[in-house]
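The data block below is entry.txt; it holds compact mmCIF, C-alpha atoms.
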```
# COMPACT_ATOMS: atom_id res chain seq x y z
CA MET L 1 36.36 -146.06 165.91
CA PHE L 2 33.43 -143.79 165.09
CA ILE L 3 31.43 -141.95 167.74
CA LEU L 4 28.02 -140.72 166.59
CA GLU L 5 26.15 -138.05 168.48
CA GLU L 6 23.69 -135.19 168.12
CA PRO L 7 22.87 -133.07 166.17
CA TYR L 8 22.81 -134.95 162.83
CA VAL L 9 23.97 -138.19 161.20
CA SER L 10 23.74 -138.46 157.41
CA ARG L 11 22.68 -141.49 155.39
CA LEU L 12 26.07 -141.46 153.68
CA LEU L 13 27.80 -141.85 157.05
CA LEU L 14 25.45 -144.64 158.17
CA ASP L 15 25.73 -146.41 154.80
CA THR L 16 29.53 -146.26 155.02
CA LEU L 17 29.67 -147.62 158.56
CA SER L 18 27.24 -150.42 157.77
CA LYS L 19 28.93 -151.44 154.52
CA ASN L 20 32.48 -151.49 155.91
CA GLY L 21 31.78 -152.77 159.40
CA TYR L 22 33.79 -150.01 161.05
CA GLU L 23 33.64 -150.02 164.85
CA VAL L 24 31.00 -147.67 166.28
CA LEU L 25 30.71 -146.74 169.93
CA GLY L 26 27.40 -148.22 171.09
CA ASN L 27 26.10 -145.18 172.96
CA ASP L 28 22.43 -144.52 173.63
CA PHE L 29 22.12 -141.91 170.89
CA ILE L 30 23.06 -144.10 167.94
CA LYS L 31 21.35 -147.20 169.31
CA ASN L 32 18.14 -145.16 169.29
CA ASN L 33 18.82 -143.47 165.95
CA ALA L 34 20.48 -146.09 163.76
CA GLY L 35 17.38 -146.18 161.54
CA GLY L 36 17.55 -149.92 160.85
CA TYR L 37 21.23 -149.90 159.86
CA LYS L 38 23.29 -152.85 161.09
CA LEU L 39 26.32 -151.34 162.79
CA ASN L 40 29.39 -152.92 164.40
CA PHE L 41 28.90 -151.66 167.94
CA VAL L 42 31.62 -151.72 170.58
CA SER L 43 30.87 -151.12 174.24
CA GLU L 44 32.26 -148.25 176.27
CA ASN L 45 34.54 -150.70 178.11
CA GLU L 46 35.84 -152.10 174.81
CA ALA L 47 36.41 -148.55 173.59
CA ARG L 48 38.38 -147.63 176.71
CA GLU L 49 40.58 -150.70 176.40
CA GLY L 50 41.13 -150.79 172.65
CA PHE L 51 40.95 -147.28 171.19
CA LYS L 52 42.91 -145.05 173.56
CA ASP L 53 45.29 -143.65 170.94
CA LYS L 54 43.82 -145.14 167.78
CA GLY L 55 42.05 -143.13 165.12
CA ILE L 56 38.72 -141.75 166.32
CA TYR L 57 36.24 -139.85 164.19
CA SER L 58 33.03 -138.22 165.36
CA ASN L 59 30.30 -136.46 163.42
CA SER L 60 29.79 -134.12 166.36
CA GLU L 61 31.70 -132.31 169.06
CA ASN L 62 29.16 -133.66 171.53
CA SER L 63 31.54 -136.64 171.76
CA ILE L 64 34.30 -134.52 173.30
CA LYS L 65 33.04 -135.11 176.85
CA PHE L 66 33.36 -138.89 176.37
CA ILE L 67 36.89 -138.53 174.98
CA LEU L 68 38.11 -136.31 177.80
CA GLU L 69 36.54 -138.45 180.52
CA ASN L 70 37.59 -141.86 179.20
CA PHE L 71 40.90 -141.17 177.43
CA SER L 72 42.12 -138.37 179.68
CA ASP L 73 45.79 -139.44 179.55
CA SER L 74 45.87 -140.04 175.77
CA ASN L 75 47.43 -137.99 172.98
CA THR L 76 43.97 -137.76 171.43
CA ALA L 77 42.46 -136.11 174.52
CA ARG L 78 45.44 -133.75 174.81
CA ALA L 79 45.04 -132.66 171.18
CA VAL L 80 41.26 -132.30 171.51
CA GLU L 81 41.54 -130.07 174.56
CA LEU L 82 44.28 -127.99 172.95
CA CYS L 83 42.31 -127.43 169.73
CA LYS L 84 38.81 -126.99 171.16
CA ASP L 85 39.74 -124.26 173.62
CA LYS L 86 40.56 -121.28 171.37
CA CYS L 87 42.63 -119.61 174.07
CA LYS L 88 44.88 -122.65 174.58
CA PHE L 89 45.05 -123.02 170.79
CA ARG L 90 46.33 -119.44 170.34
CA TYR L 91 48.94 -119.80 173.06
CA ALA L 92 50.16 -123.11 171.59
CA LEU L 93 50.67 -121.51 168.16
CA GLN L 94 52.19 -118.27 169.43
CA SER L 95 55.65 -119.25 168.16
CA LEU L 96 54.27 -119.50 164.61
CA TYR L 97 52.23 -116.26 164.84
CA PRO L 98 54.09 -114.05 167.36
CA GLY L 99 52.50 -110.76 166.27
CA PHE L 100 48.88 -111.89 166.43
CA PHE L 101 46.78 -110.09 169.08
CA HIS L 102 44.55 -112.27 171.25
CA LYS L 103 43.22 -112.05 174.81
CA GLU L 104 41.43 -114.49 177.08
CA ILE L 105 38.52 -112.88 178.93
CA PHE L 106 35.90 -114.28 181.28
CA LEU L 107 32.23 -113.36 181.34
CA ASP L 108 32.49 -111.37 184.55
CA GLU L 109 35.34 -109.31 183.04
CA LEU L 110 33.43 -108.05 180.00
CA ASP L 111 32.23 -104.86 181.70
CA ASP L 112 35.78 -103.86 182.62
CA PHE L 113 37.22 -104.42 179.15
CA LYS L 114 37.34 -101.31 176.97
CA PHE L 115 37.61 -101.10 173.20
CA GLU L 116 40.83 -99.12 173.63
CA ASP L 117 42.39 -102.08 175.46
CA ALA L 118 42.54 -103.93 172.14
CA GLY L 119 43.74 -100.90 170.22
CA LYS L 120 42.21 -102.20 167.01
CA PRO L 121 38.98 -103.74 165.65
CA PHE L 122 38.45 -107.23 167.06
CA ILE L 123 36.23 -110.27 167.00
CA ILE L 124 34.91 -111.83 170.21
CA LYS L 125 33.63 -115.39 170.48
CA PRO L 126 33.24 -118.16 173.07
CA ALA L 127 36.60 -119.80 173.78
CA VAL L 128 34.76 -123.10 173.31
CA GLY L 129 32.22 -122.66 170.52
CA PHE L 130 30.39 -124.09 167.52
CA LEU L 131 28.94 -122.65 164.30
CA SER L 132 28.79 -118.85 164.60
CA LEU L 133 27.06 -118.90 168.00
CA GLY L 134 28.09 -115.93 170.13
CA VAL L 135 30.47 -114.50 167.51
CA HIS L 136 30.59 -110.71 167.10
CA LYS L 137 32.79 -108.23 165.23
CA VAL L 138 33.57 -104.96 167.01
CA ARG L 139 35.02 -101.94 165.20
CA SER L 140 34.32 -99.10 167.66
CA ASN L 141 33.58 -98.34 171.29
CA ALA L 142 29.92 -97.71 170.45
CA GLU L 143 29.66 -101.19 168.89
CA TRP L 144 31.35 -102.73 171.92
CA LEU L 145 28.72 -101.32 174.27
CA ILE L 146 25.98 -102.90 172.13
CA VAL L 147 27.79 -106.23 171.72
CA LYS L 148 28.28 -106.66 175.47
CA ASN L 149 24.53 -106.48 175.99
CA GLU L 150 23.88 -108.87 173.10
CA ILE L 151 26.29 -111.42 174.55
CA ILE L 152 24.48 -111.37 177.88
CA SER L 153 21.11 -111.93 176.19
CA GLU L 154 22.48 -114.78 174.05
CA ILE L 155 23.96 -116.79 176.88
CA ALA L 156 20.76 -118.42 178.08
CA GLU L 157 19.69 -119.54 174.60
CA VAL L 158 23.12 -120.83 173.55
CA SER L 159 23.43 -122.86 176.75
CA LYS L 160 20.20 -124.70 175.93
CA LEU L 161 21.41 -125.83 172.50
CA PHE L 162 24.72 -127.56 173.24
CA PRO L 163 26.61 -129.04 176.21
CA LYS L 164 29.41 -127.04 177.84
CA SER L 165 32.06 -129.17 176.08
CA VAL L 166 30.75 -127.83 172.73
CA VAL L 167 29.81 -124.22 173.59
CA ASP L 168 31.06 -122.66 176.83
CA VAL L 169 29.88 -119.08 177.33
CA SER L 170 31.76 -118.52 180.59
CA LYS L 171 35.00 -117.67 178.79
CA PHE L 172 35.68 -115.76 175.57
CA ILE L 173 38.58 -114.94 173.31
CA ILE L 174 39.16 -111.53 171.79
CA GLU L 175 41.24 -111.54 168.61
CA GLU L 176 42.28 -108.97 166.06
CA ILE L 177 40.15 -109.06 162.91
CA LEU L 178 42.01 -110.76 160.09
CA GLU L 179 41.51 -109.31 156.64
CA GLY L 180 41.42 -111.68 153.69
CA ALA L 181 39.60 -114.65 152.20
CA GLU L 182 38.28 -117.27 154.63
CA PHE L 183 38.69 -120.97 153.90
CA ALA L 184 37.95 -124.21 155.70
CA VAL L 185 39.88 -127.44 155.23
CA ASP L 186 38.86 -131.00 156.07
CA VAL L 187 42.11 -132.79 156.85
CA TYR L 188 43.46 -135.69 158.83
CA TYR L 189 46.97 -136.37 160.10
CA ASP L 190 48.05 -139.93 159.39
CA ASN L 191 49.93 -142.28 161.70
CA GLU L 192 53.18 -140.48 160.88
CA GLY L 193 51.74 -137.00 161.38
CA VAL L 194 51.53 -136.16 157.67
CA PRO L 195 48.48 -133.99 156.80
CA CYS L 196 46.09 -135.35 154.17
CA ILE L 197 43.64 -132.80 152.76
CA LEU L 198 40.22 -134.22 151.80
CA ASN L 199 38.52 -130.97 150.79
CA ILE L 200 39.09 -127.23 150.67
CA LEU L 201 36.09 -124.95 151.10
CA SER L 202 35.86 -121.22 150.46
CA HIS L 203 33.61 -119.36 152.90
CA PRO L 204 31.80 -116.49 151.15
CA PHE L 205 30.10 -113.76 153.20
CA LEU L 206 27.29 -111.34 152.43
CA ASP L 207 29.33 -108.34 153.63
CA ALA L 208 32.13 -107.35 156.01
CA GLU L 209 29.90 -107.72 159.08
CA ASP L 210 28.57 -111.18 158.20
CA VAL L 211 29.81 -113.99 160.50
CA SER L 212 27.27 -116.65 159.49
CA ASP L 213 27.87 -120.14 158.13
CA ARG L 214 25.18 -119.82 155.43
CA ALA L 215 27.26 -121.33 152.61
CA TYR L 216 30.62 -122.90 151.77
CA ILE L 217 31.84 -123.67 148.26
CA THR L 218 34.46 -125.84 146.60
CA SER L 219 35.71 -126.24 143.04
CA ALA L 220 38.63 -127.58 141.05
CA ALA L 221 40.11 -124.08 140.95
CA ILE L 222 39.85 -123.68 144.74
CA ILE L 223 41.66 -126.99 145.26
CA ARG L 224 44.38 -126.34 142.66
CA ASN L 225 45.11 -122.79 143.85
CA ASN L 226 45.44 -123.67 147.53
CA LEU L 227 46.40 -127.33 147.99
CA LYS L 228 50.19 -126.98 148.28
CA ARG L 229 50.29 -123.84 150.40
CA PHE L 230 47.67 -125.16 152.80
CA GLU L 231 49.55 -128.47 153.07
CA ASN L 232 52.70 -126.57 154.01
CA MET L 233 50.86 -124.59 156.70
CA LEU L 234 49.19 -127.73 158.09
CA GLU L 235 52.54 -129.50 158.29
CA LYS L 236 53.90 -126.72 160.52
CA ILE L 237 50.79 -126.72 162.72
CA GLY L 238 50.85 -130.51 163.02
CA LYS L 239 54.48 -130.54 164.15
CA THR L 240 53.90 -127.71 166.63
CA LEU L 241 50.84 -129.38 168.19
CA GLY L 242 52.13 -132.96 167.83
CA LEU L 243 49.14 -134.19 165.81
CA LYS L 244 48.98 -137.80 164.61
CA ASN L 245 46.08 -140.02 163.57
CA PHE L 246 43.81 -137.02 164.02
CA PRO L 247 40.92 -135.70 161.87
CA MET L 248 39.92 -132.04 162.02
CA HIS L 249 38.17 -129.13 160.35
CA ILE L 250 40.35 -126.03 160.31
CA GLU L 251 39.24 -122.52 159.38
CA LEU L 252 41.84 -120.04 158.18
CA ILE L 253 42.36 -116.65 156.59
CA LEU L 254 44.42 -116.15 153.44
CA GLY L 255 45.68 -112.57 153.43
CA GLN L 256 46.31 -110.49 150.33
CA ASN L 257 50.05 -110.83 150.91
CA GLY L 258 49.75 -114.63 150.92
CA ASP L 259 50.04 -115.06 154.69
CA ILE L 260 47.90 -117.89 156.08
CA THR L 261 46.56 -117.58 159.63
CA PRO L 262 44.40 -120.24 161.31
CA VAL L 263 41.14 -119.05 162.87
CA GLU L 264 40.23 -122.21 164.76
CA ILE L 265 40.40 -125.99 164.72
CA ASN L 266 37.38 -128.24 165.26
CA PRO L 267 38.84 -131.55 166.48
CA LEU L 268 37.85 -135.14 165.65
CA ARG L 269 35.44 -134.11 162.92
CA PHE L 270 35.28 -132.57 159.48
CA ALA L 271 32.67 -129.96 158.44
CA GLY L 272 29.79 -130.14 160.95
CA TRP L 273 26.23 -131.41 160.52
CA CYS L 274 27.75 -133.94 158.05
CA THR L 275 28.18 -131.10 155.55
CA THR L 276 31.60 -132.65 154.94
CA ASP L 277 29.68 -135.00 152.60
CA LEU L 278 30.13 -132.26 150.00
CA ALA L 279 33.46 -133.93 149.09
CA TYR L 280 31.46 -136.97 147.98
CA PHE L 281 29.08 -134.98 145.78
CA ALA L 282 31.84 -132.84 144.27
CA TYR L 283 34.75 -135.26 143.92
CA GLY L 284 33.51 -138.76 144.76
CA ILE L 285 35.58 -138.75 147.97
CA ASN L 286 34.00 -140.68 150.84
CA ILE L 287 35.85 -138.89 153.62
CA TYR L 288 34.85 -141.50 156.24
CA GLU L 289 36.52 -144.29 154.26
CA TYR L 290 39.52 -142.13 153.48
CA PHE L 291 40.15 -141.43 157.16
CA ALA L 292 39.42 -144.95 158.42
CA GLU L 293 41.68 -146.56 155.81
CA GLN L 294 44.33 -143.79 155.70
CA LYS L 295 43.68 -143.21 151.99
CA LYS L 296 44.92 -140.09 150.20
CA PRO L 297 43.14 -138.43 147.25
CA ASP L 298 44.90 -138.51 143.90
CA TRP L 299 44.04 -134.86 143.33
CA ASP L 300 45.61 -134.67 139.85
CA SER L 301 43.39 -137.48 138.64
CA ILE L 302 40.27 -136.32 140.53
CA LEU L 303 40.47 -132.73 139.32
CA SER L 304 41.10 -133.75 135.72
CA ARG L 305 37.67 -135.43 135.77
CA THR L 306 35.89 -132.61 137.60
CA GLU L 307 33.58 -130.35 135.65
CA ASP L 308 34.16 -126.61 135.80
CA LYS L 309 31.44 -126.07 138.40
CA ILE L 310 31.03 -124.64 141.85
CA PHE L 311 29.79 -127.14 144.44
CA TYR L 312 28.33 -125.90 147.70
CA PHE L 313 26.36 -126.65 150.78
CA ALA L 314 23.94 -124.10 152.19
CA MET L 315 22.43 -124.02 155.66
CA ALA L 316 18.91 -122.71 156.24
CA GLU L 317 19.20 -121.36 159.77
CA ARG L 318 16.26 -121.26 162.11
CA PRO L 319 15.63 -117.57 162.88
CA LYS L 320 16.86 -116.78 166.40
CA GLU L 321 13.49 -115.48 167.52
CA LEU L 322 11.95 -118.85 166.55
CA GLN L 323 14.32 -121.09 168.51
CA ASN L 324 12.28 -123.70 170.41
CA VAL L 325 9.08 -122.47 168.69
CA ASN L 326 6.91 -124.83 166.65
CA MET L 327 6.76 -123.54 163.11
CA ALA L 328 6.10 -124.59 159.55
CA PHE L 329 8.95 -124.16 157.08
CA ASP L 330 8.13 -123.80 153.39
CA TYR L 331 10.84 -126.07 152.00
CA GLU L 332 9.50 -126.12 148.46
CA GLU L 333 9.60 -122.33 148.27
CA LEU L 334 13.17 -122.38 149.62
CA TYR L 335 14.28 -124.95 147.03
CA LYS L 336 13.21 -122.67 144.17
CA ASN L 337 16.35 -120.63 144.86
CA PHE L 338 18.63 -123.54 143.91
CA SER L 339 19.24 -124.49 140.27
CA ASN L 340 20.73 -127.97 140.75
CA ILE L 341 20.08 -129.65 144.10
CA LEU L 342 22.26 -132.73 144.65
CA GLU L 343 20.77 -133.62 148.03
CA LYS L 344 18.47 -131.92 150.53
CA ARG L 345 18.24 -132.68 154.23
CA GLU L 346 15.24 -131.36 156.14
CA ILE L 347 15.61 -130.94 159.90
CA ASN L 348 12.21 -130.51 161.52
CA ASN L 349 13.23 -129.96 165.11
CA PRO L 350 12.44 -126.66 166.89
CA GLN L 351 15.38 -127.21 169.26
CA LYS L 352 17.94 -127.21 166.43
CA PRO L 353 19.47 -124.01 164.99
CA VAL L 354 19.25 -125.38 161.42
CA CYS L 355 16.10 -126.12 159.39
CA ALA L 356 17.76 -127.64 156.33
CA VAL L 357 21.06 -128.37 154.61
CA ILE L 358 21.14 -128.25 150.81
CA PHE L 359 23.94 -129.58 148.62
CA GLY L 360 24.04 -128.16 145.11
CA SER L 361 26.12 -127.09 142.15
CA CYS L 362 26.08 -124.06 139.89
CA SER L 363 28.10 -122.48 137.11
CA GLY L 364 28.90 -119.17 138.81
CA MET L 365 28.80 -117.12 141.99
CA ASP L 366 25.50 -115.38 141.17
CA GLU L 367 23.52 -118.25 142.68
CA VAL L 368 25.73 -118.36 145.79
CA ASP L 369 25.33 -114.59 146.26
CA LYS L 370 21.57 -115.01 146.01
CA ILE L 371 21.63 -117.73 148.66
CA LEU L 372 23.63 -115.51 151.01
CA LYS L 373 20.94 -112.83 150.74
CA LEU L 374 17.98 -115.10 151.54
CA ASP L 375 15.90 -114.06 154.56
CA MET L 376 14.96 -117.31 156.28
CA LYS L 377 12.11 -115.61 158.14
CA SER L 378 10.28 -115.34 154.81
CA PHE L 379 9.99 -119.16 154.66
CA VAL L 380 8.47 -119.73 158.10
CA LYS L 381 5.24 -119.26 159.98
CA ARG L 382 4.35 -120.04 163.57
CA LEU L 383 2.07 -122.96 164.29
```

Representation of the structure as structure tokens:
Amino acid sequence: MFILEEPYVSRLLLDTLSKNGYEVLGNDFIKNNAGGYKLNFVSENEAREGFKDKGIYSNSENSIKFILENFSDSNTARAVELCKDKCKFRYALQSLYPGFFHKEIFLDELDDFKFEDAGKPFIIKPAVGFLSLGVHKVRSNAEWLIVKNEIISEIAEVSKLFPKSVVDVSKFIIEEILEGAEFAVDVYYDNEGVPCILNILSHPFLDAEDVSDRAYITSAAIIRNNLKRFENMLEKIGKTLGLKNFPMHIELILGQNGDITPVEINPLRFAGWCTTDLAYFAYGINIYEYFAEQKKPDWDSILSRTEDKIFYFAMAERPKELQNVNMAFDYEELYKNFSNILEKREINNPQKPVCAVIFGSCSGMDEVDKILKLDMKSFVKRL
């Protein structure tokens, strides 16, 4: 069953659901936003009775509340709760990563926590979070004093954007900063608990302090170099957490010594805002069909047909100072920075943190580096 919710549903997802007749929870959101597509709706009662521990995919973590309330005693709900709460996630994987420093801390405890208590540079983020909202790196006591004030000022705005089941700013996790290359993997565990990787994305950053989600890239080389070692890691995580019939988007760090450490798991979905569609543009993989029908990519065949290109998605973030402000965004000027646009999705909603998602391809990292440096404020004006 598919559960569709805010913030965004792509045409590829709607086309796939309509064509294949997959069951879709008939909630108010999708009934009002189906855009003329004929979907196979099931009622909430039918969902409760027939899909308790069957495969469920959602485009959005806004569906988590429904899962926890209606399937509270299911393996799916247990896995969702374990993965979504970063503190519970760290404790559950402690046997695999015994030397990793992490600490659960509540909002009213921030003032009492000192940089020396960590003993090393750390990253702080909401224990239940989404995108890079509320994420900060701290490398000194002076930075910590600034970050504490920034967190307090961010709380009100973040709370307006997403429900508490998606971003909860009452509790945070402090973790040691992992050094290495960051990747994200769209993967599902089949009925037997075997991980099936549908895409591997590299997450480039502008500099060491950057924590944004501006761009992710994939290529034949990225898949070939990492497929087997990431599969091995995912097999261990799946056995430890007891994951079966479960889709997820996992972010991880590959250290220079080859160690792989998970950063977080986003349950029941692949890359957010339907950016997971990049697998379709790059490799012809319709990830919704692959999950629903338990299909596995023939990577040897797929990569042999793939051109030597970099495929990416880029997110044009709404500047923080313009959240909930009516503005004009110069899309055409933005698009001039992309050499080969495969699809562009404009999001004209002042309440959303994203103005556009662009899928593209290029021959080298120069274009990606240029995208990372773009100042989104230069493309907007207040109305």

Rounded to one decimal, what separation in Å do you get between atom CA of Leu17 of chain L and atom CA of Phe51 of chain L?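 We find that atom CA of Leu17 of chain L and atom CA of Phe51 of chain L lie 16.9 Å from each other.
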
If we count only C-alpha atoms and set the cut-off at 10 Å, which residues sit around His102 of chain L, ignoring sequence neighbours fewer than 5 positions away in its own chain? Please answer as a PyMOL selection string. chain L and resi 86-87+90-91+94+118+122-124+173-177

Give me the residues near segment 267-284 of chain L as a short mmCIF file (atom, residue, chain, number, x, y, z; two decimals) with C-alpha atoms, in the frame of the given file, where near means some atom within 8 Å (using only C-alpha atoms) and where sequence neighbours in that chain fewer than 4 positions away do not count.
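The resulting file, result.cif, is shown below:
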```cif
data_model
loop_
_atom_site.label_atom_id
_atom_site.label_comp_id
_atom_site.auth_asym_id
_atom_site.auth_seq_id
_atom_site.Cartn_x
_atom_site.Cartn_y
_atom_site.Cartn_z
CA PRO L 7 22.87 -133.07 166.17
CA TYR L 8 22.81 -134.95 162.83
CA VAL L 9 23.97 -138.19 161.20
CA SER L 10 23.74 -138.46 157.41
CA LEU L 12 26.07 -141.46 153.68
CA LEU L 13 27.80 -141.85 157.05
CA ILE L 56 38.72 -141.75 166.32
CA TYR L 57 36.24 -139.85 164.19
CA SER L 58 33.03 -138.22 165.36
CA ASN L 59 30.30 -136.46 163.42
CA SER L 60 29.79 -134.12 166.36
CA GLU L 61 31.70 -132.31 169.06
CA ALA L 79 45.04 -132.66 171.18
CA VAL L 80 41.26 -132.30 171.51
CA CYS L 83 42.31 -127.43 169.73
CA LYS L 84 38.81 -126.99 171.16
CA ASP L 186 38.86 -131.00 156.07
CA VAL L 187 42.11 -132.79 156.85
CA LEU L 198 40.22 -134.22 151.80
CA ASN L 199 38.52 -130.97 150.79
CA THR L 218 34.46 -125.84 146.60
CA SER L 219 35.71 -126.24 143.04
CA PHE L 246 43.81 -137.02 164.02
CA PRO L 247 40.92 -135.70 161.87
CA MET L 248 39.92 -132.04 162.02
CA HIS L 249 38.17 -129.13 160.35
CA ILE L 302 40.27 -136.32 140.53
CA LEU L 303 40.47 -132.73 139.32
CA THR L 306 35.89 -132.61 137.60
CA PHE L 311 29.79 -127.14 144.44
CA TYR L 312 28.33 -125.90 147.70
CA PHE L 313 26.36 -126.65 150.78
CA LEU L 342 22.26 -132.73 144.65
CA VAL L 357 21.06 -128.37 154.61
CA PHE L 359 23.94 -129.58 148.62
#
```

Could you state the separation of atom CA of Lys88 of chain L and atom CA of Thr240 of chain L in Å, given to one decimal place? 13.0 Å

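Remark: for Ser212 of chain L, the closest of the candidate residues L:Leu107, L:Ala142, L:Ala47, L:Ala316 is L:Ala316 (distances computed over only C-alpha atoms).
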
Atomic separation - atom CA of Val194 of chain L relative to atom CA of Lys19 of chain L, Å: 27.5 Å

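Among L:Glu192, L:Glu235, L:Glu367, L:Glu317, the residue with the shortest atom-to-atom distance to Asp213 of chain L, counting only C-alpha atoms, is L:Glu317.
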
Counting all atoms listed in the file, which residues sit no farther than 6 Å from the position (42.7, -139.0, 156.2) in the file's frame? I'd like them as a PyMOL selection string. chain L and resi 188+196+290-291+294

Name the closest residue to Glu6 of chain L among the candidates L:Ile152, L:Phe41, L:Phe29, L:Asn340; distances are taken between atoms, counting only C-alpha atoms.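 Distance minimum relative to Glu6 of chain L lands on L:Phe29.
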
Need the shell around Ala328 of chain L: protein/DNA/RNA residues with any atom at most 12 Å away, counting only C-alpha atoms. Skip same-chain ones fewer than 6 positions apart. Format as a PyMOL selection string? chain L and resi 318+322+346-350+355+376-383

Find the residues around segment 261-264 of chain L up to 7 Å (all atoms listed in the file counted), leave out those fewer than 6 positions away in its own chain, and share them as number ranges by chain. L: 86, 250-254
